[in-house]
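Undergrad: Hey, dropping input.txt in here, compact mmCIF, C-alpha atoms and all ligand atoms:
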```
# COMPACT_ATOMS: atom_id res chain seq x y z
CA MET R 1 -9.88 -27.11 -30.90
CA ASN R 2 -6.16 -26.35 -31.14
CA SER R 3 -5.14 -23.56 -33.46
CA LEU R 4 -2.43 -22.91 -36.03
CA THR R 5 -2.38 -19.16 -35.49
CA ASN R 6 1.06 -17.75 -36.31
CA LYS R 7 2.21 -21.13 -37.62
CA ASN R 8 3.86 -21.67 -41.01
CA VAL R 9 2.76 -24.94 -42.56
CA LEU R 10 4.41 -26.40 -45.64
CA LEU R 11 2.08 -28.82 -47.42
CA GLY R 12 3.85 -31.48 -49.50
CA VAL R 13 1.59 -32.98 -52.16
CA SER R 14 2.84 -36.22 -53.73
CA GLY R 15 1.65 -38.57 -56.46
CA SER R 16 -1.51 -40.13 -55.09
CA ILE R 17 -4.89 -39.88 -56.75
CA ALA R 18 -6.05 -38.26 -53.49
CA ALA R 19 -3.96 -35.19 -54.42
CA TYR R 20 -7.18 -33.70 -55.82
CA LYS R 21 -8.18 -33.15 -52.16
CA SER R 22 -5.06 -31.06 -51.42
CA PRO R 23 -6.62 -27.62 -52.15
CA ASP R 24 -9.21 -28.47 -49.49
CA ILE R 25 -6.41 -29.39 -47.06
CA VAL R 26 -4.85 -25.94 -47.69
CA ARG R 27 -8.21 -24.35 -46.82
CA ARG R 28 -8.68 -26.38 -43.64
CA LEU R 29 -5.15 -25.49 -42.45
CA GLN R 30 -5.90 -21.82 -43.16
CA ASP R 31 -9.19 -22.13 -41.24
CA LEU R 32 -7.10 -22.93 -38.15
CA GLY R 33 -4.95 -19.84 -38.74
CA ALA R 34 -1.93 -21.26 -40.61
CA GLU R 35 0.08 -19.53 -43.33
CA VAL R 36 0.37 -22.28 -45.97
CA ARG R 37 2.90 -22.86 -48.74
CA VAL R 38 2.82 -25.86 -51.05
CA VAL R 39 5.52 -28.12 -52.48
CA LEU R 40 4.26 -30.30 -55.30
CA THR R 41 6.14 -33.38 -56.51
CA ALA R 42 6.20 -34.30 -60.19
CA GLY R 43 3.88 -37.20 -59.32
CA GLY R 44 1.53 -34.88 -57.42
CA ALA R 45 1.36 -32.51 -60.42
CA GLU R 46 -0.17 -35.40 -62.43
CA PHE R 47 -3.24 -35.25 -60.18
CA VAL R 48 -3.71 -31.60 -59.14
CA SER R 49 -2.80 -28.35 -60.86
CA GLU R 50 -0.17 -25.98 -59.56
CA ARG R 51 -2.57 -23.15 -60.42
CA SER R 52 -5.30 -24.41 -58.05
CA LEU R 53 -2.85 -24.77 -55.18
CA GLN R 54 -1.36 -21.36 -55.88
CA ALA R 55 -4.83 -19.78 -55.91
CA VAL R 56 -5.95 -21.26 -52.58
CA SER R 57 -2.62 -20.89 -50.76
CA LYS R 58 -2.07 -17.37 -52.19
CA ASN R 59 1.60 -18.30 -52.48
CA LYS R 60 3.85 -19.49 -55.28
CA VAL R 61 3.85 -23.29 -55.45
CA ASN R 62 7.34 -24.75 -55.21
CA ASN R 63 7.94 -27.80 -57.35
CA ASN R 64 11.52 -27.72 -58.55
CA LEU R 65 14.71 -28.35 -56.62
CA TRP R 66 16.61 -26.87 -59.57
CA ASP R 67 14.64 -23.58 -59.69
CA LYS R 68 17.47 -21.13 -60.58
CA GLU R 69 15.82 -18.10 -59.01
CA ALA R 70 14.78 -19.77 -55.75
CA GLU R 71 18.14 -21.45 -55.35
CA LEU R 72 20.02 -18.16 -55.64
CA SER R 73 19.16 -17.78 -51.97
CA MET R 74 19.22 -21.54 -51.23
CA GLY R 75 15.42 -21.75 -51.50
CA HIS R 76 15.16 -25.31 -50.24
CA ILE R 77 16.98 -24.43 -47.00
CA GLU R 78 14.94 -21.25 -46.60
CA LEU R 79 11.68 -23.19 -46.96
CA ALA R 80 12.90 -25.87 -44.55
CA LYS R 81 13.62 -23.15 -41.97
CA TRP R 82 10.40 -21.22 -42.70
CA ALA R 83 8.17 -24.15 -41.80
CA ASP R 84 6.95 -24.78 -38.26
CA ALA R 85 5.37 -27.98 -39.58
CA ILE R 86 5.60 -29.96 -42.79
CA VAL R 87 2.50 -31.95 -43.71
CA ILE R 88 2.77 -34.48 -46.54
CA ALA R 89 -0.79 -35.10 -47.66
CA PRO R 90 -1.31 -37.18 -49.60
CA ALA R 91 1.91 -39.12 -49.02
CA SER R 92 2.48 -41.68 -51.78
CA ALA R 93 4.09 -45.06 -51.09
CA ASN R 94 7.04 -43.88 -53.18
CA THR R 95 7.59 -40.65 -51.19
CA ILE R 96 7.24 -42.56 -47.89
CA ALA R 97 9.91 -45.04 -49.06
CA LYS R 98 12.24 -42.23 -50.14
CA LEU R 99 11.87 -40.46 -46.77
CA CYS R 100 12.65 -43.70 -45.04
CA HIS R 101 15.96 -44.01 -46.89
CA GLY R 102 16.87 -40.35 -46.53
CA LYS R 103 16.76 -39.80 -50.28
CA ALA R 104 16.91 -36.21 -51.50
CA ASP R 105 16.20 -36.37 -55.23
CA ASP R 106 13.40 -33.78 -55.35
CA LEU R 107 12.46 -30.62 -53.47
CA LEU R 108 10.11 -32.28 -50.97
CA THR R 109 12.46 -35.05 -49.82
CA THR R 110 15.41 -32.61 -49.69
CA LEU R 111 13.38 -30.25 -47.51
CA ILE R 112 12.53 -33.00 -45.06
CA LEU R 113 16.22 -33.78 -44.55
CA ALA R 114 16.99 -30.08 -44.07
CA THR R 115 14.24 -29.23 -41.59
CA THR R 116 13.84 -29.24 -37.83
CA ALA R 117 10.07 -28.71 -38.21
CA LYS R 118 7.50 -31.19 -36.97
CA VAL R 119 6.42 -33.60 -39.74
CA LEU R 120 2.99 -35.16 -40.32
CA ILE R 121 2.58 -37.87 -42.96
CA ALA R 122 -0.88 -38.68 -44.36
CA PRO R 123 -0.56 -41.82 -46.52
CA ALA R 124 -3.08 -42.42 -49.31
CA MET R 125 -2.90 -45.42 -51.60
CA ASN R 126 -4.51 -48.65 -52.69
CA GLN R 127 -5.24 -50.94 -49.71
CA GLN R 128 -2.80 -53.61 -50.94
CA MET R 129 -0.01 -51.02 -51.32
CA TYR R 130 -0.79 -49.64 -47.85
CA GLY R 131 -0.86 -53.07 -46.23
CA SER R 132 2.36 -54.24 -47.93
CA MET R 133 5.18 -55.10 -45.57
CA ALA R 134 7.44 -52.54 -47.23
CA THR R 135 5.03 -49.62 -46.67
CA GLN R 136 4.16 -50.74 -43.12
CA ASP R 137 7.84 -51.13 -42.18
CA ASN R 138 8.65 -47.75 -43.74
CA LEU R 139 5.89 -46.03 -41.76
CA LYS R 140 7.13 -47.61 -38.52
CA ILE R 141 10.64 -46.30 -39.21
CA LEU R 142 9.34 -42.77 -39.90
CA GLU R 143 7.28 -42.91 -36.71
CA SER R 144 10.31 -44.03 -34.71
CA ARG R 145 12.12 -40.91 -36.00
CA GLY R 146 9.41 -38.68 -34.53
CA MET R 147 7.19 -38.15 -37.57
CA VAL R 148 3.47 -38.39 -36.88
CA ILE R 149 1.29 -40.56 -39.13
CA ALA R 150 -2.26 -39.43 -39.92
CA LYS R 151 -3.72 -42.89 -40.39
CA PRO R 152 -5.67 -43.43 -43.59
CA GLU R 153 -9.34 -44.45 -43.45
CA PHE R 154 -11.10 -47.67 -44.40
CA GLY R 155 -13.55 -47.52 -47.32
CA VAL R 156 -14.19 -47.75 -51.05
CA GLN R 157 -11.13 -46.69 -53.04
CA ALA R 158 -10.70 -44.93 -56.41
CA CYS R 159 -9.64 -48.28 -57.95
CA GLY R 160 -12.82 -49.98 -56.65
CA ASP R 161 -11.08 -51.93 -53.85
CA ILE R 162 -12.46 -51.76 -50.35
CA GLY R 163 -9.93 -51.45 -47.53
CA GLU R 164 -7.60 -49.20 -45.56
CA GLY R 165 -5.76 -46.55 -47.56
CA ARG R 166 -8.17 -43.63 -48.17
CA LEU R 167 -6.62 -40.29 -47.28
CA ALA R 168 -7.71 -39.03 -43.83
CA GLU R 169 -10.33 -36.26 -44.04
CA PRO R 170 -8.86 -32.76 -44.66
CA THR R 171 -10.43 -31.43 -41.42
CA SER R 172 -8.81 -34.29 -39.51
CA ILE R 173 -5.42 -33.65 -41.16
CA ALA R 174 -5.65 -29.96 -40.17
CA ALA R 175 -6.65 -30.86 -36.59
CA GLN R 176 -3.80 -33.39 -36.33
CA THR R 177 -1.40 -30.71 -37.60
CA ALA R 178 -2.56 -28.36 -34.84
CA ASN R 179 -2.10 -31.18 -32.31
CA LEU R 180 1.60 -31.32 -33.24
CA PHE R 181 2.04 -28.11 -31.27
CA GLN R 182 0.21 -29.33 -28.18
CA ASN R 183 2.29 -30.44 -25.19
CA THR R 184 1.68 -31.07 -21.51
CA GLN R 185 4.37 -28.94 -19.88
CA LEU R 186 1.78 -26.74 -18.11
CA SER R 187 -1.07 -29.22 -18.07
CA GLY R 188 -3.55 -28.47 -15.28
CA LYS R 189 -1.90 -25.14 -14.41
CA ASN R 190 -3.69 -21.78 -14.21
CA VAL R 191 -1.59 -19.01 -15.68
CA MET R 192 -2.33 -15.28 -15.51
CA ILE R 193 -0.50 -12.94 -17.89
CA THR R 194 -0.68 -9.15 -17.92
CA LEU R 195 0.24 -7.57 -21.25
CA GLY R 196 0.17 -4.40 -23.31
CA ALA R 197 0.63 -0.79 -22.25
CA THR R 198 -1.35 1.05 -19.60
CA ILE R 199 -2.92 4.37 -20.54
CA GLU R 200 -2.86 7.08 -17.88
CA ALA R 201 -5.21 9.96 -18.63
CA ILE R 202 -4.05 13.60 -18.46
CA ASP R 203 -7.35 15.12 -19.55
CA PRO R 204 -10.37 13.75 -21.50
CA VAL R 205 -8.34 13.47 -24.74
CA ARG R 206 -4.67 13.09 -23.75
CA PHE R 207 -2.73 10.42 -21.97
CA ILE R 208 0.69 9.04 -20.98
CA SER R 209 1.53 5.60 -22.34
CA ASN R 210 4.37 3.66 -23.99
CA HIS R 211 5.26 1.66 -27.11
CA SER R 212 4.36 -1.82 -25.84
CA SER R 213 2.48 -3.84 -28.50
CA GLY R 214 1.50 -6.85 -26.38
CA LYS R 215 3.16 -9.19 -28.92
CA MET R 216 5.45 -10.92 -26.40
CA GLY R 217 2.64 -11.37 -23.87
CA MET R 218 0.26 -12.72 -26.51
CA ALA R 219 2.92 -15.14 -27.80
CA LEU R 220 3.32 -16.36 -24.20
CA ALA R 221 -0.45 -16.75 -23.92
CA THR R 222 -0.46 -18.98 -27.02
CA ALA R 223 2.55 -20.99 -25.82
CA CYS R 224 0.94 -21.51 -22.39
CA VAL R 225 -2.40 -22.59 -23.94
CA GLU R 226 -0.53 -25.03 -26.19
CA ALA R 227 1.32 -26.38 -23.16
CA GLY R 228 -2.04 -27.30 -21.62
CA ALA R 229 -2.55 -24.34 -19.24
CA THR R 230 -5.78 -22.49 -18.53
CA VAL R 231 -4.81 -18.91 -19.33
CA ASN R 232 -6.24 -15.65 -17.95
CA LEU R 233 -5.16 -12.47 -19.68
CA VAL R 234 -5.30 -8.95 -18.28
CA ILE R 235 -4.87 -6.78 -21.35
CA GLY R 236 -3.95 -3.12 -21.67
CA ALA R 237 -3.46 -1.29 -24.98
CA ILE R 238 -2.22 -3.75 -27.63
CA SER R 239 -1.73 -3.98 -31.38
CA VAL R 240 -1.93 -7.75 -31.81
CA ALA R 241 -4.79 -10.26 -32.22
CA VAL R 242 -6.13 -11.69 -28.96
CA GLU R 243 -5.52 -15.41 -28.23
CA SER R 244 -9.13 -16.62 -28.35
CA ARG R 245 -8.47 -19.74 -26.26
CA ALA R 246 -7.63 -17.61 -23.20
CA GLU R 247 -10.04 -15.76 -20.87
CA SER R 248 -9.47 -12.02 -21.37
CA VAL R 249 -10.18 -8.93 -19.27
CA PHE R 250 -9.48 -5.54 -20.84
CA VAL R 251 -8.23 -2.62 -18.76
CA THR R 252 -7.00 0.91 -19.41
CA ASN R 253 -4.78 2.10 -16.57
CA ALA R 254 -2.55 0.63 -13.87
CA ASP R 255 -5.20 0.87 -11.13
CA GLU R 256 -7.68 -1.10 -13.25
CA MET R 257 -4.99 -3.63 -14.09
CA LEU R 258 -4.18 -4.15 -10.40
CA LYS R 259 -7.89 -4.63 -9.59
CA ALA R 260 -8.33 -7.14 -12.44
CA VAL R 261 -5.25 -9.07 -11.30
CA ASN R 262 -6.37 -9.12 -7.66
CA ALA R 263 -9.87 -10.30 -8.61
CA ASN R 264 -8.49 -13.59 -9.94
CA ILE R 265 -4.98 -14.08 -8.56
CA SER R 266 -5.93 -16.54 -5.80
CA LYS R 267 -6.74 -19.21 -8.43
CA GLN R 268 -3.41 -18.88 -10.27
CA ASP R 269 -0.41 -21.19 -10.19
CA ILE R 270 1.76 -18.88 -12.29
CA PHE R 271 1.69 -15.09 -12.73
CA ILE R 272 3.60 -13.55 -15.65
CA SER R 273 3.84 -9.78 -15.56
CA CYS R 274 4.51 -8.82 -19.16
CA ALA R 275 2.51 -5.58 -19.27
CA ALA R 276 4.34 -2.28 -19.68
CA VAL R 277 2.71 -0.56 -16.73
CA ALA R 278 3.33 3.18 -16.51
CA ASP R 279 5.49 3.85 -13.43
CA TYR R 280 3.77 7.19 -12.90
CA ARG R 281 0.35 8.73 -13.65
CA PRO R 282 -0.88 12.33 -13.52
CA ALA R 283 -1.75 13.28 -9.93
CA SER R 284 -5.14 14.46 -11.14
CA ILE R 285 -7.04 14.19 -14.41
CA ALA R 286 -8.19 17.54 -15.77
CA LYS R 287 -11.98 17.56 -16.15
CA ASN R 288 -11.85 19.50 -19.41
CA LYS R 289 -9.38 19.52 -22.28
CA ILE R 290 -6.33 21.53 -21.22
CA LYS R 291 -6.10 24.73 -23.30
CA LYS R 292 -3.03 25.83 -25.23
CA ASP R 293 -2.87 29.21 -23.49
CA ARG R 294 0.45 28.83 -21.62
CA GLU R 295 4.06 28.76 -22.87
CA THR R 296 4.99 25.89 -20.57
CA LEU R 297 2.94 23.31 -18.76
CA SER R 298 3.87 21.01 -15.90
CA ILE R 299 2.03 17.88 -14.96
CA ASP R 300 2.47 16.47 -11.48
CA LEU R 301 2.97 12.74 -11.51
CA VAL R 302 2.39 10.23 -8.73
CA LYS R 303 3.68 6.68 -8.50
CA ASN R 304 1.49 3.88 -9.85
CA PRO R 305 1.03 0.65 -7.90
CA ASP R 306 3.72 -1.96 -8.58
CA ILE R 307 1.52 -4.87 -9.66
CA LEU R 308 4.30 -7.48 -9.74
CA SER R 309 5.54 -6.55 -6.24
CA ASN R 310 1.96 -6.66 -4.96
CA VAL R 311 1.50 -10.21 -6.25
CA CYS R 312 4.95 -11.27 -4.97
CA GLN R 313 3.95 -10.18 -1.47
CA LEU R 314 0.75 -12.21 -1.32
CA LYS R 315 0.69 -14.89 1.38
CA ASP R 316 -0.16 -17.70 -1.03
CA LYS R 317 1.65 -16.21 -3.97
CA PRO R 318 1.77 -18.02 -7.32
CA ILE R 319 5.07 -18.55 -9.13
CA CYS R 320 5.87 -14.95 -10.11
CA ILE R 321 7.71 -14.04 -13.30
CA GLY R 322 8.49 -10.47 -14.29
CA PHE R 323 9.86 -8.83 -17.40
CA ALA R 324 12.70 -6.35 -17.22
CA ALA R 325 12.86 -4.07 -20.24
CA GLU R 326 16.24 -2.45 -19.85
CA THR R 327 18.43 -0.12 -21.93
CA GLU R 328 21.66 -0.17 -19.86
CA ASN R 329 23.44 -2.35 -17.24
CA LEU R 330 21.12 -5.08 -18.42
CA LEU R 331 22.07 -8.09 -16.31
CA GLU R 332 22.78 -6.05 -13.18
CA ASN R 333 19.40 -4.27 -13.32
CA ALA R 334 17.58 -7.53 -13.95
CA GLN R 335 19.31 -9.30 -11.03
CA ASN R 336 18.35 -6.38 -8.77
CA LYS R 337 14.75 -6.56 -9.91
CA LEU R 338 14.66 -10.28 -9.15
CA LYS R 339 15.93 -9.63 -5.62
CA ASN R 340 14.01 -6.46 -4.81
CA LYS R 341 10.61 -7.62 -6.01
CA GLY R 342 10.96 -11.12 -4.60
CA CYS R 343 9.88 -12.83 -7.81
CA ASP R 344 10.91 -16.30 -8.97
CA ALA R 345 12.24 -15.36 -12.40
CA ILE R 346 12.98 -12.33 -14.52
CA ILE R 347 12.90 -12.29 -18.30
CA LEU R 348 15.29 -9.61 -19.44
CA ASN R 349 15.19 -7.90 -22.80
CA ASP R 350 17.25 -5.08 -24.24
CA VAL R 351 14.70 -2.56 -25.51
CA SER R 352 17.40 -0.20 -26.81
CA ASN R 353 17.96 -2.62 -29.71
CA ALA R 354 15.37 -1.75 -32.40
CA LYS R 355 15.62 -5.23 -33.98
CA ILE R 356 14.12 -6.78 -30.86
CA GLY R 357 11.85 -5.72 -28.02
CA LEU R 358 8.75 -3.55 -27.76
CA LYS R 359 7.08 -3.29 -31.21
CA SER R 360 9.20 -5.89 -32.99
CA ASP R 361 8.08 -9.42 -33.95
CA ARG R 362 11.44 -10.72 -32.72
CA ASN R 363 13.12 -10.79 -29.36
CA GLU R 364 16.21 -12.01 -27.56
CA VAL R 365 15.99 -12.57 -23.81
CA PHE R 366 17.77 -13.81 -20.73
CA PHE R 367 15.85 -16.11 -18.40
CA ILE R 368 17.12 -15.35 -14.90
CA THR R 369 16.36 -17.08 -11.59
CA LYS R 370 18.42 -17.26 -8.39
CA LYS R 371 20.18 -20.30 -9.88
CA VAL R 372 20.19 -19.83 -13.65
CA CYS R 373 20.94 -17.08 -16.14
CA GLU R 374 20.37 -18.39 -19.66
CA LYS R 375 20.29 -16.51 -22.94
CA ILE R 376 17.58 -17.38 -25.46
CA GLU R 377 19.02 -16.30 -28.80
CA ILE R 378 17.21 -13.91 -31.18
CA ASN R 379 14.10 -15.49 -32.72
CA SER R 380 10.42 -14.76 -33.39
CA LYS R 381 8.47 -13.92 -30.23
CA ILE R 382 6.43 -17.08 -30.85
CA ILE R 383 9.53 -19.30 -30.63
CA ILE R 384 10.96 -17.28 -27.71
CA ALA R 385 7.65 -17.82 -25.87
CA GLN R 386 7.75 -21.59 -26.50
CA LYS R 387 11.32 -21.74 -25.19
CA LEU R 388 10.37 -19.69 -22.13
CA VAL R 389 7.53 -22.07 -21.32
CA ILE R 390 10.02 -24.97 -21.41
CA LYS R 391 12.39 -23.03 -19.10
CA ILE R 392 9.53 -22.18 -16.71
CA SER R 393 8.34 -25.79 -16.54
CA GLU R 394 11.89 -27.15 -16.13
CA THR R 395 13.15 -24.72 -13.50
CA LEU R 396 10.17 -23.41 -11.54
CA ILE R 397 7.52 -26.19 -11.41
C1 LIG Z 401 -3.56 -43.34 -61.94
C2 LIG Z 401 -2.54 -43.49 -60.86
C3 LIG Z 401 -2.92 -43.41 -59.55
C4 LIG Z 401 -1.99 -43.56 -58.53
N1 LIG Z 401 -2.39 -43.45 -57.24
C5 LIG Z 401 -1.50 -43.63 -56.25
C6 LIG Z 401 -1.90 -43.53 -54.89
O1 LIG Z 401 -3.06 -43.26 -54.59
N2 LIG Z 401 -0.98 -43.69 -53.92
C7 LIG Z 401 0.33 -43.97 -54.21
O2 LIG Z 401 1.13 -44.14 -53.28
N3 LIG Z 401 0.75 -44.06 -55.50
C8 LIG Z 401 -0.11 -43.89 -56.52
N4 LIG Z 401 0.30 -43.98 -57.82
C9 LIG Z 401 1.73 -44.20 -58.08
C10 LIG Z 401 2.56 -42.93 -57.90
O3 LIG Z 401 1.98 -41.87 -58.60
C11 LIG Z 401 3.99 -43.16 -58.31
O4 LIG Z 401 4.58 -44.09 -57.42
C12 LIG Z 401 4.82 -41.90 -58.37
O5 LIG Z 401 6.14 -42.23 -58.72
C13 LIG Z 401 4.83 -41.16 -57.06
O6 LIG Z 401 5.69 -40.04 -57.16
P1 LIG Z 401 6.02 -39.11 -55.93
O7 LIG Z 401 6.07 -39.96 -54.72
O8 LIG Z 401 7.33 -38.49 -56.26
O9 LIG Z 401 4.96 -38.07 -55.88
C14 LIG Z 401 -0.62 -43.81 -58.85
C15 LIG Z 401 -0.24 -43.89 -60.19
C16 LIG Z 401 -1.19 -43.73 -61.17
C17 LIG Z 401 -0.73 -43.83 -62.61
```
Would you mind writing the structure in this file as structure tokens?

TA:
Amino acid sequence: MNSLTNKNVLLGVSGSIAAYKSPDIVRRLQDLGAEVRVVLTAGGAEFVSERSLQAVSKNKVNNNLWDKEAELSMGHIELAKWADAIVIAPASANTIAKLCHGKADDLLTTLILATTAKVLIAPAMNQQMYGSMATQDNLKILESRGMVIAKPEFGVQACGDIGEGRLAEPTSIAAQTANLFQNTQLSGKNVMITLGATIEAIDPVRFISNHSSGKMGMALATACVEAGATVNLVIGAISVAVESRAESVFVTNADEMLKAVNANISKQDIFISCAAVADYRPASIAKNKIKKDRETLSIDLVKNPDILSNVCQLKDKPICIGFAAETENLLENAQNKLKNKGCDAIILNDVSNAKIGLKSDRNEVFFITKKVCEKIEINSKIIIAQKLVIKISETLI
């Protein structure tokens, strides 16, 4: 089952009698991991209460294009940008017709014009209304513009008619929403990603590590899964939820990470080294807790294995992609890393900028190969990861 983890879904509820099912749709979208906000049309509000939708979504329900407070900050544009997907369920014949003509006379239709999000339409109406040439033509036009239609079901209707027009089941609408994010860019590929920080012990209670959160690596894991890849993760210390659709191995230090990578690398088509591996580790680990009885203390460090270089030197090496977290001479250092390690691409990020990089939810990167050097502008790590997967599939596969 595809997931909606980290996805913002805007549910538009319009004036169909099936609107009473919309709180259940909110729940089913949440079950798949989505953050859900609701826009209710005036017609929709005749069939379901704003209060119910607010309670289940745990967010204010938006129902007014002319809301003075929301529009202080251009609320309709903000919502249009917030959404990764807009689901109109139920979609009335009237709302479908308005979308078709690009009308923008309420919040929902205005949002649709202002968004770049994926759109799913779940029609629900009397079978005669659904089968009418106008509605059928309108749906074809919306489909030709890239909107996805969640086909209604056949059955007994609220008015007593029997026919096609019953709203698709809420679980099916949620599943079809998750499918919007599925693509085939990495279909059939095995991808291994290392992520998180390594922890190098000094004594039984102390260690050397770094600030890596694993957020960028986990976002890449999700993007690769959604692009159809089978994903293997080798995970150090992280502060982010694990992508449950990937196979995961958990490690502590660089040596363990190298062993876990080597154990499975022969099956991989792509290797992405996103982990912040400590360059050095203590030469020896003190058996007992080091006492505070000296004024100064030195710890001898020895070099850790370079996992990315190791993989790059394999005879049947997979496509190798490394991360360069730099603070100065960014492009120059990244180009050198690409050459010296012999990898196929480097993803460069400037970790001196607190707004992006290590612990942040946002990032801005350069995707660098021998032939290309492209900037991916500042965005959430989720979006950056999706864009990187497109770059990887376009330039390296
Ligand atoms: C009792 C009742 C039930 C209705 N059920 C539906 C319906 O299931 N599907 C539909 O497309 N329209 C239905 N309508 C008509 C819409 O509510 C009407 O076209 C309204 O203008 C839609 O507004 P909206 O698209 O802005 O939400 C119904 C109207 C009434 C009075």

Undergrad: Which is closer to Ser3 of chain R than all the others in R:Phe367, R:Phe47, R:Tyr20, R:Phe181, using only C-alpha atoms?

TA: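 Counting only C-alpha atoms, the residue closest to Ser3 of chain R is R:Phe181.
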
Undergrad: Around all the atoms of ligand LIG 401 (chain Z) listed in the file, draw an axis-aligned box and extend it by 6 Å on each of the six sides; I want its centre and edge lengths in Å to one decimal, as lines of an AutoDock Vina configuration file.

TA:
```
center_x = 1.9
center_y = -41.1
center_z = -57.9
size_x = 22.9
size_y = 18.1
size_z = 21.3
```

Undergrad: Find the residues with any atom within 12 Å of (-14.4, 22.0, -26.2); use only C-alpha atoms and the coordinates as given in the file, and write the answer as number ranges by chain.

TA: R: 203-205, 287-291

Undergrad: Which distance in Å separates atom CA of Glu153 of chain R and atom CA of Gln176 of chain R, to one decimal?

TA: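 Going from atom CA of Glu153 of chain R over to atom CA of Gln176 of chain R covers 14.3 Å.
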
Undergrad: So, counting all atoms listed in the file, which residue among R:Phe366, R:Phe250, R:Tyr130, R:Phe271 is closest to Leu167 of chain R?

TA: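 Closest residue, counting all atoms listed in the file: R:Tyr130.
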
Undergrad: Using all atoms listed in the file, find each residue with an atom at most 10 Å away from ligand LIG 401 (chain Z) and format the answer as JSON, numbers by chain.

TA: {"R": [12, 13, 14, 15, 16, 17, 18, 19, 40, 41, 42, 43, 44, 45, 46, 47, 90, 91, 92, 93, 94, 95, 96, 97, 98, 99, 105, 106, 107, 108, 109, 123, 124, 125, 126, 127, 129, 130, 135, 157, 158, 159, 165, 166, 167]}

Undergrad: What does the distance from atom CA of Thr115 of chain R to atom CA of Lys81 of chain R come to in Å, to one decimal?

TA: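 Computing it gives 6.1 Å between the two atoms.
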
Undergrad: Point out the residue among R:Gly131, R:Gly33, R:Pro152, R:Pro23 with the least atom-to-atom distance to Gln54 of chain R, counting only C-alpha atoms.

TA: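 Among R:Gly131, R:Gly33, R:Pro152, R:Pro23, it is R:Pro23 that comes nearest to Gln54 of chain R.
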
Undergrad: Residues within 6 Å of Ile149 of chain R, please, as a PyMOL selection string. Count only C-alpha atoms; anything in the same chain fewer than 4 positions from it doesn't count.

TA: chain R and resi 120-122

Undergrad: Neighbouring residues of segment 254-265 of chain R were defined as those with any atom within 7 Å, considering only C-alpha atoms; residues of the same chain fewer than 4 positions away were excluded. Please report them as number ranges by chain.

TA: R: 198, 234, 277-278, 304-305, 307

Undergrad: Work out how far atom CA of Val119 of chain R is from atom CA of Ile390 of chain R, in Å to one decimal.

TA: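 Separation between atom CA of Ile390 of chain R and atom CA of Val119 of chain R: 20.6 Å.
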
Undergrad: Which one is closest to Asp31 of chain R: R:Gln386, R:Asn138, R:Thr327, R:Thr171? Count all atoms listed in the file.

TA: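 The shortest atom-to-atom distance to Asp31 of chain R comes from R:Thr171.
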
Undergrad: Restricting the calculation to all atoms listed in the file: of R:Ala55, R:Leu233, R:Leu331, R:Val351, which residue gets closest to Ser212 of chain R?

TA: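 Residue with the minimum atom-to-atom distance to Ser212 of chain R: R:Val351.
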
Undergrad: What's the 9 Å shell around Ala201 of chain R, counting all atoms listed in the file, without same-chain residues fewer than 5 positions away, as a list in words?

TA: Arg206, Phe207, Ile208, Ser209, Asn253, Arg281, Pro282, Ser284, Ile285 and Ala286 of chain R

Undergrad: Env of Lys7 of chain R: 10 Å cut, atoms = all atoms listed in the file, seq-sep filter 2 positions within chain, self excluded. Answer as a PyMOL selection string.

TA: chain R and resi 3-5+9-10+29-30+32-36+82-85+178+181+382

Undergrad: Quick one: of R:Lys118, R:Lys337, R:Arg145, R:Lys103, who's nearest to Leu308 of chain R, counting only C-alpha atoms?

TA: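 Using only C-alpha atoms, the shortest distance to Leu308 of chain R belongs to R:Lys337.
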
Undergrad: Counting all atoms listed in the file, select every polymer residue within 7 Å of (6.3, -5.8, -10.9) as defined in the file's coordinates, and provide the selection as a PyMOL selection string.

TA: chain R and resi 273+306-309+322+341
